[in-house]
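Working notes, beginning with the structure itself.
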Amino acid sequence: MSLRHLLSISDLSPADIQRLYERTRALKEKLPSPTLQGKSIALVFEKPSLRTRVSFEVGMAQLGGYAVYLAPGDIRMGTREPVSDVAQNLSRWVDGIVARVFRHETAVELAQHSSVPVINALTDREHPCQALADLYTLLERFGSLPGRKLAFVGDGNNVCHSLLLVCARLGVHLSVATPEGYRPDAGIFEVARQTASADSRIEWVHDPAEAVRNADAVYTDVWVSMGQEEEREGKLRAFQGFQVNESLLSFARKGAAVMHCLPARRGEEISASALDGPQSVALDQAENRMHVQKGILSLMLEP
Ligand code: CP
Ligand code: NVA
C-alpha cells in the first residue's frame, strides 16, 4: 500500500483494501511481532473517544510502538497555534498523526503540512477506519462480500459516507434510508455510484423498510453526532420512524447482522433489544477497529 495519508476511503483502491484485510487477518490470528518498535504516533483529538483512542493506543503498543494522546483542549489547534505549525512540529517527533477533528479541512491541512502520514480518525465528512473495520466484520461473518446487501438507516453523514465509498469498492449493495433533509452529501454519493464495482449497488431511499428489505446486515449511527448537540430537538423530530428495532428488522433476512459504530443511544436510533440482542455485531466491530488499524499502521509506518 503506497499510501501517504488516509483521509478518505477514496485514498484506497480495492486492491489496497484487499491487502489491508490480508494483513489484518494475520495480525488478528496471533499477537504481532514488534514491527513498529521505536516508532510513535500522535493522537490529535478535538472530540471525545473511547473506541478510537483505546484501539489505536493498544494497537500501537502491540506492534511495539508508542502513542501520545493529545486530548481536546491540549493543543487547541487553530487557536493556540496554526494547524500548519502543529503538523510541522509533530512531524519532527512522531512517525504518524492520527487526527479526530471537527472540520475535514483541518485533517486535509494537517496532511498538507505534515511530512509523516496522517490518518483520519473521524471528521465531519468521513470515518474511514470505522467503515474498514465494519466491512472486515462482515467479511469474517459471510466469508465473502460481493453481492451482500447492507442497509444503513439514519443520518447520512460521516459514517454513512465512508460506508458508501467502501461498499462501492468491495461489491456490496448499500441501501441508505434517511429523512429527506439528512441525505448523504450529494458529491460523495455520486462518487460512490461512479466507483461502484459490478456487484455493488448504491442507492438512497426514504423508507427504512425498503432499505432493510432482504438485507444481510442493518447499520445505524447516532442521530445527534458529536458537535451537533444544539440540533438535538429538530433531529429527534426528523428521525421519528427511523429507529432500528425488531419491527424494522423483520424486513431483513432472518438473522441479519445488526451493526452500530457506537456510542449508541438506546431508545433513539436503536432499541436496546436490537443492540444488545443475539444479532448484534457491534462489539465485533469495536474489536475489529483495533485489528484493522494495526493493519493500517503496519502498512503505512513499517520501514
Ligand atoms: N466508533 C467510534 O469511533 O467510537 P469512539 O467515538 O468512542 O472513538
Ligand atoms: N456520527 C457519529 C459517529 C461517532 C463514532 C459522530 O460523528 O459523532
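Residue numbering restarts at 1 in every chain; chains get A, B, ... in the order shown in the C-alpha cells, and ligands count up from 1 in that same order.
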
Compile a residue-level contact table for chain A against ligand 1 at a cut-off of 6 Å, reporting for every qualifying residue the shortest atom pair and its distance in Å to one decimal, with only C-alpha atoms and all ligand atoms counted, rows ordered by chain and ascending number, as JSON lines.
{"residue": "A:Ser49", "atom": "CA", "partner": "ligand 1", "partner_atom_place_in_ligand_line": "8 (O)", "distance": 3.8}
{"residue": "A:Leu50", "atom": "CA", "partner": "ligand 1", "partner_atom_place_in_ligand_line": "7 (O)", "distance": 3.4}
{"residue": "A:Arg51", "atom": "CA", "partner": "ligand 1", "partner_atom_place_in_ligand_line": "8 (O)", "distance": 4.0}
{"residue": "A:Thr52", "atom": "CA", "partner": "ligand 1", "partner_atom_place_in_ligand_line": "8 (O)", "distance": 3.6}
{"residue": "A:Arg53", "atom": "CA", "partner": "ligand 1", "partner_atom_place_in_ligand_line": "8 (O)", "distance": 6.0}
{"residue": "A:Cys261", "atom": "CA", "partner": "ligand 1", "partner_atom_place_in_ligand_line": "1 (N)", "distance": 4.4}
{"residue": "A:Leu262", "atom": "CA", "partner": "ligand 1", "partner_atom_place_in_ligand_line": "1 (N)", "distance": 4.8}
{"residue": "A:Pro263", "atom": "CA", "partner": "ligand 1", "partner_atom_place_in_ligand_line": "4 (O)", "distance": 5.9}

Shell of 10 Å around Ser200 in chain A, only C-alpha atoms, local chain residues under 5 positions omitted, as a PyMOL selection string
chain A and resi 145-149+167-174+192-193+195

Any chance you can output those residues with all heavy atoms as a CSV table (one decimal), in the first residue's frame?
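Produced file result.csv, reproduced below:
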chain,number,residue,atom,x,y,z
A,145,LEU,N,-17.8,-10.9,0.3
A,145,LEU,CA,-18.7,-9.7,0.4
A,145,LEU,C,-19.5,-9.4,-0.9
A,145,LEU,O,-20.6,-9.0,-0.8
A,145,LEU,CB,-17.8,-8.4,0.7
A,145,LEU,CG,-17.3,-8.4,2.1
A,145,LEU,CD1,-16.3,-7.2,2.3
A,145,LEU,CD2,-18.4,-8.3,3.1
A,146,PRO,N,-19.0,-9.7,-2.1
A,146,PRO,CA,-19.7,-9.3,-3.3
A,146,PRO,C,-21.1,-9.9,-3.3
A,146,PRO,O,-21.3,-11.0,-3.0
A,146,PRO,CB,-18.9,-9.8,-4.4
A,146,PRO,CG,-17.5,-9.8,-3.9
A,146,PRO,CD,-17.6,-10.2,-2.4
A,147,GLY,N,-22.1,-9.0,-3.6
A,147,GLY,CA,-23.5,-9.4,-3.7
A,147,GLY,C,-24.3,-9.3,-2.4
A,147,GLY,O,-25.5,-9.4,-2.3
A,148,ARG,N,-23.6,-9.1,-1.2
A,148,ARG,CA,-24.3,-9.0,0.1
A,148,ARG,C,-25.0,-7.6,0.1
A,148,ARG,O,-24.5,-6.6,-0.5
A,148,ARG,CB,-23.3,-9.1,1.2
A,148,ARG,CG,-22.7,-10.4,1.4
A,148,ARG,CD,-23.7,-11.4,1.9
A,148,ARG,NE,-23.2,-12.8,2.0
A,148,ARG,CZ,-23.9,-13.8,2.4
A,148,ARG,NH1,-25.1,-13.6,2.8
A,148,ARG,NH2,-23.4,-15.0,2.4
A,149,LYS,N,-26.0,-7.5,0.9
A,149,LYS,CA,-26.8,-6.2,1.0
A,149,LYS,C,-26.7,-5.7,2.4
A,149,LYS,O,-27.0,-6.4,3.4
A,149,LYS,CB,-28.2,-6.4,0.6
A,149,LYS,CG,-29.0,-5.1,0.8
A,149,LYS,CD,-30.5,-5.2,0.4
A,149,LYS,CE,-31.2,-3.8,0.6
A,149,LYS,NZ,-32.6,-3.9,0.4
A,167,CYS,N,-18.3,0.3,0.4
A,167,CYS,CA,-19.2,-0.7,-0.2
A,167,CYS,C,-19.1,-0.7,-1.7
A,167,CYS,O,-19.1,-1.8,-2.4
A,167,CYS,CB,-20.7,-0.5,0.2
A,167,CYS,SG,-21.0,-0.9,1.9
A,168,ALA,N,-19.0,0.5,-2.3
A,168,ALA,CA,-18.8,0.6,-3.7
A,168,ALA,C,-17.6,-0.2,-4.2
A,168,ALA,O,-17.6,-0.9,-5.2
A,168,ALA,CB,-18.7,2.1,-4.1
A,169,ARG,N,-16.5,0.0,-3.4
A,169,ARG,CA,-15.2,-0.7,-3.8
A,169,ARG,C,-15.2,-2.2,-3.6
A,169,ARG,O,-14.5,-2.9,-4.2
A,169,ARG,CB,-14.1,-0.1,-2.9
A,169,ARG,CG,-13.6,1.2,-3.5
A,169,ARG,CD,-12.7,1.9,-2.5
A,169,ARG,NE,-12.1,3.1,-3.1
A,169,ARG,CZ,-12.8,4.2,-3.5
A,169,ARG,NH1,-14.1,4.2,-3.4
A,169,ARG,NH2,-12.1,5.2,-4.1
A,170,LEU,N,-16.0,-2.7,-2.6
A,170,LEU,CA,-16.0,-4.1,-2.2
A,170,LEU,C,-17.2,-4.9,-2.8
A,170,LEU,O,-17.3,-6.0,-2.4
A,170,LEU,CB,-15.9,-4.2,-0.7
A,170,LEU,CG,-14.6,-3.6,-0.1
A,170,LEU,CD1,-14.5,-3.8,1.4
A,170,LEU,CD2,-13.3,-4.2,-0.7
A,171,GLY,N,-17.9,-4.3,-3.7
A,171,GLY,CA,-19.0,-5.1,-4.3
A,171,GLY,C,-20.2,-5.3,-3.5
A,171,GLY,O,-21.0,-6.3,-3.7
A,172,VAL,N,-20.4,-4.4,-2.5
A,172,VAL,CA,-21.6,-4.6,-1.6
A,172,VAL,C,-22.7,-3.7,-2.0
A,172,VAL,O,-22.5,-2.5,-2.4
A,172,VAL,CB,-21.2,-4.3,-0.1
A,172,VAL,CG1,-22.3,-4.3,0.8
A,172,VAL,CG2,-20.1,-5.3,0.4
A,173,HIS,N,-23.9,-4.2,-1.9
A,173,HIS,CA,-25.1,-3.4,-2.2
A,173,HIS,C,-25.5,-2.6,-0.9
A,173,HIS,O,-25.7,-3.2,0.1
A,173,HIS,CB,-26.3,-4.4,-2.6
A,173,HIS,CG,-27.6,-3.7,-2.7
A,173,HIS,ND1,-28.7,-4.4,-3.0
A,173,HIS,CD2,-28.0,-2.4,-2.7
A,173,HIS,CE1,-29.8,-3.6,-3.1
A,173,HIS,NE2,-29.3,-2.4,-2.9
A,174,LEU,N,-25.4,-1.3,-1.0
A,174,LEU,CA,-25.7,-0.5,0.1
A,174,LEU,C,-27.0,0.3,-0.2
A,174,LEU,O,-27.0,1.1,-1.1
A,174,LEU,CB,-24.5,0.5,0.5
A,174,LEU,CG,-24.8,1.4,1.7
A,174,LEU,CD1,-25.1,0.7,2.9
A,174,LEU,CD2,-23.6,2.4,1.9
A,192,ALA,N,-19.5,7.5,-5.0
A,192,ALA,CA,-19.7,6.1,-4.7
A,192,ALA,C,-20.4,5.4,-5.8
A,192,ALA,O,-20.0,4.2,-6.2
A,192,ALA,CB,-20.6,6.0,-3.4
A,193,ARG,N,-21.4,6.0,-6.4
A,193,ARG,CA,-22.1,5.4,-7.5
A,193,ARG,C,-21.2,5.2,-8.7
A,193,ARG,O,-21.2,4.1,-9.3
A,193,ARG,CB,-23.2,6.3,-8.0
A,193,ARG,CG,-24.5,6.2,-7.2
A,193,ARG,CD,-25.7,6.5,-8.1
A,193,ARG,NE,-26.8,5.7,-7.6
A,193,ARG,CZ,-28.0,6.1,-7.7
A,193,ARG,NH1,-28.3,7.2,-8.4
A,193,ARG,NH2,-29.0,5.4,-7.2
A,195,THR,N,-18.0,4.8,-8.7
A,195,THR,CA,-16.9,3.9,-8.5
A,195,THR,C,-17.4,2.5,-8.1
A,195,THR,O,-16.6,1.6,-7.8
A,195,THR,CB,-15.9,4.4,-7.3
A,195,THR,OG1,-16.8,4.7,-6.2
A,195,THR,CG2,-15.2,5.6,-7.7

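The interatomic distance for the pair CA of Arg100 in chain A and CA of Asn120 in chain A works out to 6.4 Å.
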
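Using only C-alpha atoms and all ligand atoms for every distance, the candidate list A:Pro117, A:Gly96, A:Pro34, A:Gly154 yields A:Gly154 as the residue closest to ligand 2.
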
Residues up to 9 Å from ligand 2, counting only C-alpha atoms and all ligand atoms: could you list those as a PyMOL selection string?
chain A and resi 47+49+51-52+102+122-127+130+155-160+221-228+261-264

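Take CA of Tyr182 in chain A and CA of Val205 in chain A: the distance between them is 11.6 Å.
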
I need the residues in range 90-265 of chain A that are strand (DSSP E or B) according to DSSP; give them as a ChimeraX atom specification.
/A:96-100,118-120,149-153,173-177,202-205,217-220,244,257-260

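Put simply, CA of Asp207 in chain A is 6.1 Å away from CA of Ala177 in chain A.
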
Under the rule that only C-alpha atoms are counted, which of A:Ser298, A:Pro303, A:Val281, A:Thr220 is the nearest residue to Ala26 in chain A?
A:Ser298

Any idea what's packed within 6 Å of range 230-246 of chain A, counting only C-alpha atoms, ignoring anything in its chain fewer than 3 positions away? Could you give it as a PyMOL selection string?
chain A and resi 249+269-271+274

Restricted to N, CA and C atoms, what would the selected residues look like written as a CSV table (one decimal), in the first residue's frame?
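As a result, selection13.csv now contains:
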chain,number,residue,atom,x,y,z
A,249,LEU,N,-36.4,-4.7,11.8
A,249,LEU,CA,-35.5,-5.9,11.4
A,249,LEU,C,-36.3,-7.1,10.8
A,269,GLU,N,-31.9,5.9,18.1
A,269,GLU,CA,-31.6,5.3,16.7
A,269,GLU,C,-31.8,3.8,16.7
A,270,ILE,N,-31.7,3.2,17.9
A,270,ILE,CA,-31.8,1.7,18.0
A,270,ILE,C,-32.4,1.3,19.3
A,271,SER,N,-33.2,0.2,19.3
A,271,SER,CA,-33.8,-0.2,20.5
A,271,SER,C,-32.7,-1.0,21.3
A,274,ALA,N,-32.5,-4.6,20.1
A,274,ALA,CA,-31.7,-4.8,18.9
A,274,ALA,C,-30.2,-4.7,19.1

Applying 9 Å and only C-alpha atoms, which residues near Ser175 in chain A remain after dropping the ones on its own chain fewer than 4 positions away? List them as number ranges by chain.
A: 149-153, 201-205, 210-212, 215

Include C-alpha atoms and write out the residues we just selected as a PDB file, in the first residue's frame.
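Result saved to out.pdb:
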ATOM      1  CA  LYS A 149     -26.759  -6.241   0.997  1.00  0.00           C
ATOM      2  CA  LEU A 150     -26.139  -3.725   3.790  1.00  0.00           C
ATOM      3  CA  ALA A 151     -28.853  -1.280   4.841  1.00  0.00           C
ATOM      4  CA  PHE A 152     -27.888   1.966   6.542  1.00  0.00           C
ATOM      5  CA  VAL A 153     -30.768   3.649   8.389  1.00  0.00           C
ATOM      6  CA  ARG A 201     -25.389  -1.209  -5.975  1.00  0.00           C
ATOM      7  CA  ILE A 202     -25.552   2.153  -4.243  1.00  0.00           C
ATOM      8  CA  GLU A 203     -28.985   3.618  -3.561  1.00  0.00           C
ATOM      9  CA  TRP A 204     -30.871   6.081  -1.390  1.00  0.00           C
ATOM     10  CA  VAL A 205     -34.482   5.513  -0.373  1.00  0.00           C
ATOM     11  CA  GLU A 210     -37.472  -0.613   1.802  1.00  0.00           C
ATOM     12  CA  ALA A 211     -33.775  -0.178   2.597  1.00  0.00           C
ATOM     13  CA  VAL A 212     -33.833  -3.048   5.069  1.00  0.00           C
ATOM     14  CA  ALA A 215     -30.614  -7.015   3.883  1.00  0.00           C
TER      15      ALA A 215
END

Residue neighbourhood Val118 in chain A, 6 Å, only C-alpha atoms, exclusion window fewer than 3 positions, as an mmCIF file with N, CA and C atoms, in the first residue's frame:
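The new file around-v7.cif reads:
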data_model
loop_
_atom_site.group_PDB
_atom_site.id
_atom_site.type_symbol
_atom_site.label_atom_id
_atom_site.label_comp_id
_atom_site.auth_asym_id
_atom_site.auth_seq_id
_atom_site.Cartn_x
_atom_site.Cartn_y
_atom_site.Cartn_z
ATOM 1 N N HIS A 5 -1.281 9.354 2.930
ATOM 2 C CA HIS A 5 -2.217 9.694 4.011
ATOM 3 C C HIS A 5 -3.488 8.869 3.839
ATOM 4 N N GLY A 96 3.707 9.294 12.691
ATOM 5 C CA GLY A 96 2.359 9.345 12.110
ATOM 6 C C GLY A 96 1.455 10.185 12.991
ATOM 7 N N ILE A 97 0.423 10.762 12.377
ATOM 8 C CA ILE A 97 -0.540 11.580 13.121
ATOM 9 C C ILE A 97 -1.931 10.997 12.878
ATOM 10 N N VAL A 98 -2.615 10.667 13.971
ATOM 11 C CA VAL A 98 -3.984 10.170 13.882
ATOM 12 C C VAL A 98 -4.882 11.307 14.368
ATOM 13 N N ALA A 111 -2.445 17.190 6.803
ATOM 14 C CA ALA A 111 -1.732 16.341 5.835
ATOM 15 C C ALA A 111 -0.854 17.182 4.909
#
